[in-house]
$ cat input.csv   # CSV, C-alpha atoms
chain,number,residue,atom,x,y,z
A,149,ASN,CA,60.0,12.5,5.8
A,150,ALA,CA,60.0,15.5,8.2
A,151,ASN,CA,56.5,16.6,7.2
A,152,GLU,CA,55.0,13.2,8.1
A,153,LYS,CA,56.2,13.8,11.7
A,154,LEU,CA,53.8,16.8,11.9
A,155,VAL,CA,50.6,14.9,11.2
A,156,LEU,CA,48.1,14.5,14.0
A,157,PHE,CA,44.8,12.6,14.2
A,158,CYS,CA,42.2,14.1,16.3
A,159,PRO,CA,38.7,12.8,17.3
A,160,THR,CA,35.8,14.9,16.2
A,161,GLY,CA,32.1,14.7,15.4
A,162,PRO,CA,29.2,13.6,17.5
A,163,ASN,CA,30.5,11.5,20.4
A,164,THR,CA,34.0,11.8,18.8
A,165,LYS,CA,33.3,8.9,16.4
A,166,GLU,CA,35.1,10.6,13.5
A,167,LEU,CA,38.8,11.4,13.0
A,168,VAL,CA,40.3,14.5,11.4
A,169,ARG,CA,43.8,14.5,10.1
A,170,LEU,CA,45.7,17.7,11.0
A,171,ARG,CA,48.9,18.2,8.9
A,172,LEU,CA,50.9,20.9,10.7
A,173,HIS,CA,53.1,23.3,8.7
A,174,PRO,CA,54.8,25.7,11.0
A,175,CYS,CA,55.9,29.0,9.6
A,176,CYS,CA,58.3,30.5,12.1
A,177,GLY,CA,60.3,33.0,10.2
A,178,PHE,CA,59.5,36.1,8.1
A,179,SER,CA,60.9,34.5,5.0
A,180,GLU,CA,58.7,31.4,5.2
A,181,SER,CA,55.5,31.6,3.2
A,182,MET,CA,52.3,30.0,4.3
A,183,PRO,CA,51.0,27.1,2.2
A,184,LEU,CA,48.0,29.0,0.9
A,185,GLN,CA,45.9,27.6,-1.9
A,186,LYS,CA,44.3,29.5,-4.8
A,187,ASP,CA,42.0,26.6,-5.5
A,188,SER,CA,38.8,27.4,-3.5
A,189,PRO,CA,38.0,23.9,-2.4
A,190,ALA,CA,41.6,23.3,-1.3
A,191,ALA,CA,41.6,26.6,0.5
A,192,ARG,CA,38.5,25.6,2.4
A,193,SER,CA,40.5,22.7,3.9
A,194,THR,CA,43.3,25.0,5.1
A,195,VAL,CA,43.4,26.4,8.6
A,196,VAL,CA,45.8,29.2,9.6
A,197,VAL,CA,46.4,29.4,13.3
A,198,LEU,CA,48.2,32.5,14.6
A,199,LEU,CA,49.8,31.1,17.7
A,200,PHE,CA,50.6,33.0,20.9
A,201,TRP,CA,52.4,30.8,23.4
A,202,ARG,CA,53.9,32.2,26.6
A,203,GLN,CA,55.9,29.7,28.6
A,204,PRO,CA,56.6,30.5,32.3
A,205,GLY,CA,59.6,32.9,32.5
A,206,ASP,CA,59.4,33.7,28.8
A,207,GLU,CA,60.3,37.3,27.9
A,208,MET,CA,58.7,37.4,24.5
A,209,GLU,CA,57.2,40.7,23.3
A,210,ALA,CA,53.5,40.5,22.4
A,211,ASP,CA,53.9,43.5,20.1
A,212,SER,CA,56.7,41.6,18.1
A,213,ILE,CA,54.5,38.6,17.6
A,214,ILE,CA,51.5,40.6,16.6
A,215,GLY,CA,53.8,42.5,14.2
A,216,ASP,CA,54.6,39.1,12.6
A,217,TRP,CA,50.9,38.4,12.3
A,218,HIS,CA,50.4,41.5,10.3
A,219,SER,CA,52.6,40.1,7.5
A,220,ARG,CA,50.7,36.8,7.7
A,221,MET,CA,47.4,38.6,7.4
A,222,ALA,CA,48.8,40.5,4.4
A,223,GLU,CA,49.5,37.2,2.7
A,224,ILE,CA,45.9,36.0,3.4
A,225,ASN,CA,44.4,39.3,2.3
A,226,HIS,CA,46.2,39.0,-1.0
A,227,MET,CA,44.3,35.9,-1.8
A,228,PRO,CA,40.9,36.1,-3.5
A,229,SER,CA,38.1,36.0,-0.8
A,230,SER,CA,36.9,32.6,-2.0
A,231,SER,CA,40.4,31.2,-1.4
A,232,ARG,CA,41.0,32.6,2.1
A,233,PRO,CA,41.6,29.9,4.7
A,234,TYR,CA,39.8,29.6,8.1
A,235,THR,CA,42.0,31.8,10.3
A,236,VAL,CA,42.0,32.0,14.1
A,237,ILE,CA,44.3,33.0,16.9
A,238,LEU,CA,45.1,30.5,19.7
A,239,ALA,CA,46.6,32.1,22.7
A,240,HIS,CA,48.2,30.1,25.5
A,241,GLY,CA,49.3,31.8,28.6
A,242,ALA,CA,48.5,35.4,27.6
A,243,SER,CA,48.3,38.0,30.3
A,244,ASP,CA,45.3,40.3,30.5
A,245,ALA,CA,47.2,43.1,28.8
A,246,GLU,CA,48.4,40.7,26.0
A,247,ALA,CA,44.9,39.3,25.6
A,248,GLY,CA,43.7,42.9,25.0
A,249,LYS,CA,46.3,43.4,22.3
A,250,ILE,CA,45.4,40.1,20.7
A,251,GLU,CA,41.7,41.0,20.7
A,252,ALA,CA,42.5,44.5,19.3
A,253,PHE,CA,44.5,42.8,16.4
A,254,ALA,CA,41.6,40.5,15.7
A,255,ALA,CA,39.1,43.4,15.7
A,256,ARG,CA,41.1,45.0,12.8
A,257,HIS,CA,40.5,41.8,10.8
A,258,VAL,CA,36.8,41.2,11.4
A,259,GLY,CA,35.3,39.0,8.8
A,260,LYS,CA,38.7,37.6,7.9
A,261,MET,CA,39.4,35.7,11.1
A,262,GLU,CA,37.5,34.2,13.9
A,263,THR,CA,37.3,35.5,17.5
A,264,PRO,CA,40.6,34.7,19.3
A,265,LYS,CA,40.6,31.6,21.5
A,266,MET,CA,42.3,32.2,24.9
A,267,CYS,CA,43.4,28.7,26.0
A,268,GLU,CA,43.8,27.7,29.6
A,269,GLY,CA,46.8,25.6,30.3
A,270,ASP,CA,49.6,24.4,28.1
A,271,ASP,CA,49.7,20.7,29.0
A,272,GLU,CA,49.1,18.0,26.4
A,273,GLU,CA,45.4,17.7,27.3
A,274,ALA,CA,44.7,21.4,26.9
A,275,ILE,CA,46.5,21.5,23.6
A,276,MET,CA,44.6,18.5,22.2
A,277,GLU,CA,41.3,20.0,23.4
A,278,ALA,CA,42.2,23.3,21.6
A,279,LEU,CA,43.1,21.4,18.4
A,280,GLN,CA,39.9,19.4,18.6
A,281,GLU,CA,37.8,22.5,19.0
A,282,LEU,CA,39.7,24.2,16.2
A,283,ALA,CA,39.1,21.2,13.9
A,284,GLU,CA,35.3,21.1,14.7
A,285,ALA,CA,35.0,24.9,14.1
A,286,ALA,CA,36.9,24.6,10.8
A,287,ILE,CA,34.6,21.7,9.7
A,288,ALA,CA,31.5,23.7,10.6
A,289,TRP,CA,33.0,26.7,8.6
A,290,GLN,CA,33.7,24.5,5.6
A,291,ARG,CA,30.2,23.0,5.7
A,292,SER,CA,28.5,26.4,6.0
A,293,ALA,CA,30.2,27.4,2.7
A,294,GLU,CA,29.0,24.3,1.0
A,295,MET,CA,25.3,24.8,1.9
A,296,PRO,CA,23.2,26.8,-0.6
A,297,ALA,CA,21.5,29.9,0.5
A,298,PRO,CA,18.1,29.2,1.9
A,299,ILE,CA,15.1,29.7,-0.4
A,300,LEU,CA,12.6,32.0,1.3
A,301,GLU,CA,8.9,31.1,0.8
A,302,GLU,CA,7.1,34.2,-0.3
A,303,GLU,CA,3.6,35.0,-1.4
A,304,PRO,CA,3.5,35.1,-5.2
A,305,HIS,CA,3.4,38.6,-6.4
A,306,THR,CA,1.1,39.3,-9.3
A,307,PRO,CA,1.7,42.8,-10.8
A,308,ASN,CA,-1.2,45.0,-11.6
A,309,LEU,CA,-0.7,45.5,-15.3
A,310,SER,CA,-4.1,47.1,-15.9
A,311,SER,CA,-2.8,50.4,-14.5
A,312,GLY,CA,-0.5,50.9,-17.5
A,313,SER,CA,2.6,50.2,-15.4
A,314,LYS,CA,5.3,47.8,-16.7
A,315,SER,CA,6.7,45.3,-14.3
A,316,CYS,CA,10.1,43.6,-14.3
A,317,VAL,CA,10.8,40.7,-12.1
A,318,VAL,CA,14.3,39.5,-11.5
A,319,MET,CA,14.7,36.0,-9.9
$ encode --input "input.csv" --output "structure tokens"
Amino acid sequence: NANEKLVLFCPTGPNTKELVRLRLHPCCGFSESMPLQKDSPAARSTVVVLLFWRQPGDEMEADSIIGDWHSRMAEINHMPSSSRPYTVILAHGASDAEAGKIEAFAARHVGKMETPKMCEGDDEEAIMEALQELAEAAIAWQRSAEMPAPILEEEPHTPNLSSGSKSCVVM
């Protein structure tokens, strides 16, 4: 199966004693849809990586790639907020000018994507390190959504009803 070839196991957790399985689903063309989930728990397990990868001697246009990202973000924004995936940009080999354009794109999507990660190097070790960091960040994001909001300890408020005022307390 072609999809099984795109599965990667990556160490994570304290002292890298845990494994995370990354199932990669590349979407390279405009006509390919992302595998987004409407089910909120399933969506929390989905990570969308907008990849910028410049190889030496490559003549790709940053503006063209960022233009493609706009359509991807439109797909994500179309999802209910509880079903939006963890979204981040990984940029390998971006020049300073390209990094500025990437950061400007991310700034237009604050709250819907993480801060772009500018990766050093494009060898196997650098890629694995970037994927490991991505997996750990996605796990932290997923766990933060599962935790209930903290209960704040407050002094009990006893309304003064003798003054003729009526009190309504909403908890």
$ residues_around --input "input.csv" --residues "stretch 219-222 of chain A" --least-positions-apart "4" --cutoff "10 Å" --atoms "all atoms listed in the file" --output "PyMOL selection string"
chain A and resi 175+178+180-182+196+198+214-215+226-227+235+257+260-261
$ write_last_selection --input "input.csv" --atoms "C-alpha atoms" --output "PDB file, in the frame of the given file"
ATOM      1  CA  CYS A 175      55.900  29.000   9.600  1.00  0.00           C
ATOM      2  CA  PHE A 178      59.500  36.100   8.100  1.00  0.00           C
ATOM      3  CA  GLU A 180      58.700  31.400   5.200  1.00  0.00           C
ATOM      4  CA  SER A 181      55.500  31.600   3.200  1.00  0.00           C
ATOM      5  CA  MET A 182      52.300  30.000   4.300  1.00  0.00           C
ATOM      6  CA  VAL A 196      45.800  29.200   9.600  1.00  0.00           C
ATOM      7  CA  LEU A 198      48.200  32.500  14.600  1.00  0.00           C
ATOM      8  CA  ILE A 214      51.500  40.600  16.600  1.00  0.00           C
ATOM      9  CA  GLY A 215      53.800  42.500  14.200  1.00  0.00           C
ATOM     10  CA  HIS A 226      46.200  39.000  -1.000  1.00  0.00           C
ATOM     11  CA  MET A 227      44.300  35.900  -1.800  1.00  0.00           C
ATOM     12  CA  THR A 235      42.000  31.800  10.300  1.00  0.00           C
ATOM     13  CA  HIS A 257      40.500  41.800  10.800  1.00  0.00           C
ATOM     14  CA  LYS A 260      38.700  37.600   7.900  1.00  0.00           C
ATOM     15  CA  MET A 261      39.400  35.700  11.100  1.00  0.00           C
TER      16      MET A 261
END
$ closest_residue --input "input.csv" --among "A:Ser243, A:Ser230, A:Asn163, A:Thr194" --to "A:Ala210" --atoms "all atoms listed in the file"
A:Ser243
$ atom_distance --input "input.csv" --atom1 "atom CA of A:Pro264" --atom2 "atom CA of A:Ile213"
14.5 Å
$ residues_around --input "input.csv" --residues "A:Ser229" --least-positions-apart "4" --cutoff "10 Å" --atoms "only C-alpha atoms" --output "list in words"
Lys186, Ser188, Ile224, Asn225, Pro233 and Lys260 of chain A
$ atom_distance --input "input.csv" --atom1 "atom CA of A:Val168" --atom2 "atom CA of A:Ala247"
28.9 Å
$ closest_residue --input "input.csv" --among "A:Arg192, A:Lys153, A:Arg291, A:Arg169" --to "A:Arg232" --atoms "all atoms listed in the file"
A:Arg192
$ closest_residue --input "input.csv" --among "A:Ala285, A:Ala293, A:Leu279, A:Cys267" --to "A:His240" --atoms "all atoms listed in the file"
A:Cys267
$ atom_distance --input "input.csv" --atom1 "atom CA of A:Ala288" --atom2 "atom CA of A:Arg202"
28.8 Å
$ residues_around --input "input.csv" --residues "A:Glu277" --least-positions-apart "2" --cutoff "12 Å" --atoms "all atoms listed in the file" --output "list in words"
Cys158, Pro159, Thr160, Thr164, Leu238, Lys265, Cys267, Glu268, Gly269, Asp270, Asp271, Glu272, Glu273, Ala274, Ile275, Leu279, Gln280, Glu281, Leu282, Ala283 and Glu284 of chain A
$ residues_around --input "input.csv" --residues "A:Ser193" --least-positions-apart "3" --cutoff "9 Å" --atoms "only C-alpha atoms" --output "PyMOL selection string"
chain A and resi 188-190+233-234+286-287+290
$ closest_residue --input "input.csv" --among "A:Ser179, A:Pro162, A:Val155, A:Gln185" --to "A:Ser231" --atoms "only C-alpha atoms"
A:Gln185
$ closest_residue --input "input.csv" --among "A:His218, A:Ser292, A:Pro228, A:Arg171" --to "A:Ala191" --atoms "only C-alpha atoms"
A:Pro228
$ decode --input "input.csv" --residues "stretch 274-286 of chain A" --atoms "all heavy atoms" --output "short mmCIF file (atom, residue, chain, number, x, y, z; two decimals), in the first residue's frame"
data_model
loop_
_atom_site.label_atom_id
_atom_site.label_comp_id
_atom_site.auth_asym_id
_atom_site.auth_seq_id
_atom_site.Cartn_x
_atom_site.Cartn_y
_atom_site.Cartn_z
N ALA A 274 18.44 16.90 10.50
CA ALA A 274 17.69 18.16 10.70
C ALA A 274 16.20 17.95 10.46
O ALA A 274 15.37 18.49 11.19
CB ALA A 274 18.23 19.24 9.76
N ILE A 275 15.87 17.14 9.46
CA ILE A 275 14.46 16.87 9.17
C ILE A 275 13.83 16.07 10.31
O ILE A 275 12.72 16.38 10.77
CB ILE A 275 14.32 16.14 7.82
CG1 ILE A 275 14.76 17.08 6.69
CG2 ILE A 275 12.90 15.64 7.61
CD1 ILE A 275 15.01 16.40 5.38
N MET A 276 14.53 15.06 10.80
CA MET A 276 14.00 14.25 11.91
C MET A 276 13.84 15.10 13.17
O MET A 276 12.86 14.97 13.90
CB MET A 276 14.89 13.04 12.18
CG MET A 276 14.73 11.94 11.15
SD MET A 276 13.02 11.37 10.94
CE MET A 276 12.63 10.77 12.57
N GLU A 277 14.78 16.00 13.42
CA GLU A 277 14.68 16.88 14.58
C GLU A 277 13.46 17.80 14.45
O GLU A 277 12.72 18.00 15.41
CB GLU A 277 15.96 17.72 14.71
CG GLU A 277 15.96 18.61 15.93
CD GLU A 277 17.26 19.39 16.06
OE1 GLU A 277 18.33 18.81 15.80
OE2 GLU A 277 17.19 20.58 16.43
N ALA A 278 13.24 18.33 13.25
CA ALA A 278 12.07 19.19 13.04
C ALA A 278 10.78 18.41 13.22
O ALA A 278 9.83 18.91 13.84
CB ALA A 278 12.12 19.80 11.64
N LEU A 279 10.72 17.17 12.73
CA LEU A 279 9.52 16.35 12.90
C LEU A 279 9.30 15.98 14.37
O LEU A 279 8.17 15.97 14.85
CB LEU A 279 9.61 15.09 12.05
CG LEU A 279 9.47 15.29 10.54
CD1 LEU A 279 9.73 13.98 9.80
CD2 LEU A 279 8.10 15.85 10.20
N GLN A 280 10.37 15.71 15.08
CA GLN A 280 10.25 15.39 16.51
C GLN A 280 9.72 16.59 17.28
O GLN A 280 8.82 16.46 18.10
CB GLN A 280 11.61 14.94 17.06
CG GLN A 280 11.55 14.51 18.51
CD GLN A 280 12.88 13.95 19.00
OE1 GLN A 280 13.86 13.91 18.26
NE2 GLN A 280 12.90 13.53 20.24
N GLU A 281 10.26 17.76 17.02
CA GLU A 281 9.78 18.98 17.68
C GLU A 281 8.32 19.24 17.33
O GLU A 281 7.53 19.64 18.18
CB GLU A 281 10.64 20.18 17.29
CG GLU A 281 12.03 20.16 17.89
CD GLU A 281 12.90 21.29 17.38
OE1 GLU A 281 12.38 22.22 16.72
OE2 GLU A 281 14.12 21.25 17.64
N LEU A 282 7.97 19.00 16.07
CA LEU A 282 6.59 19.18 15.63
C LEU A 282 5.66 18.22 16.37
O LEU A 282 4.60 18.62 16.86
CB LEU A 282 6.49 18.96 14.12
CG LEU A 282 5.10 18.97 13.53
CD1 LEU A 282 4.47 20.34 13.66
CD2 LEU A 282 5.15 18.53 12.09
N ALA A 283 6.05 16.97 16.48
CA ALA A 283 5.23 15.97 17.18
C ALA A 283 5.04 16.36 18.64
O ALA A 283 3.93 16.29 19.18
CB ALA A 283 5.86 14.59 17.06
N GLU A 284 6.10 16.79 19.30
CA GLU A 284 6.01 17.18 20.71
C GLU A 284 5.12 18.40 20.89
O GLU A 284 4.32 18.46 21.82
CB GLU A 284 7.41 17.41 21.28
CG GLU A 284 8.18 16.12 21.43
CD GLU A 284 9.64 16.30 21.81
OE1 GLU A 284 10.12 17.45 21.91
OE2 GLU A 284 10.32 15.26 21.99
N ALA A 285 5.22 19.37 19.99
CA ALA A 285 4.37 20.56 20.07
C ALA A 285 2.91 20.20 19.83
O ALA A 285 2.01 20.70 20.51
CB ALA A 285 4.83 21.61 19.06
N ALA A 286 2.65 19.30 18.88
CA ALA A 286 1.27 18.89 18.60
C ALA A 286 0.68 18.12 19.79
O ALA A 286 -0.49 18.29 20.12
CB ALA A 286 1.22 18.04 17.33
#
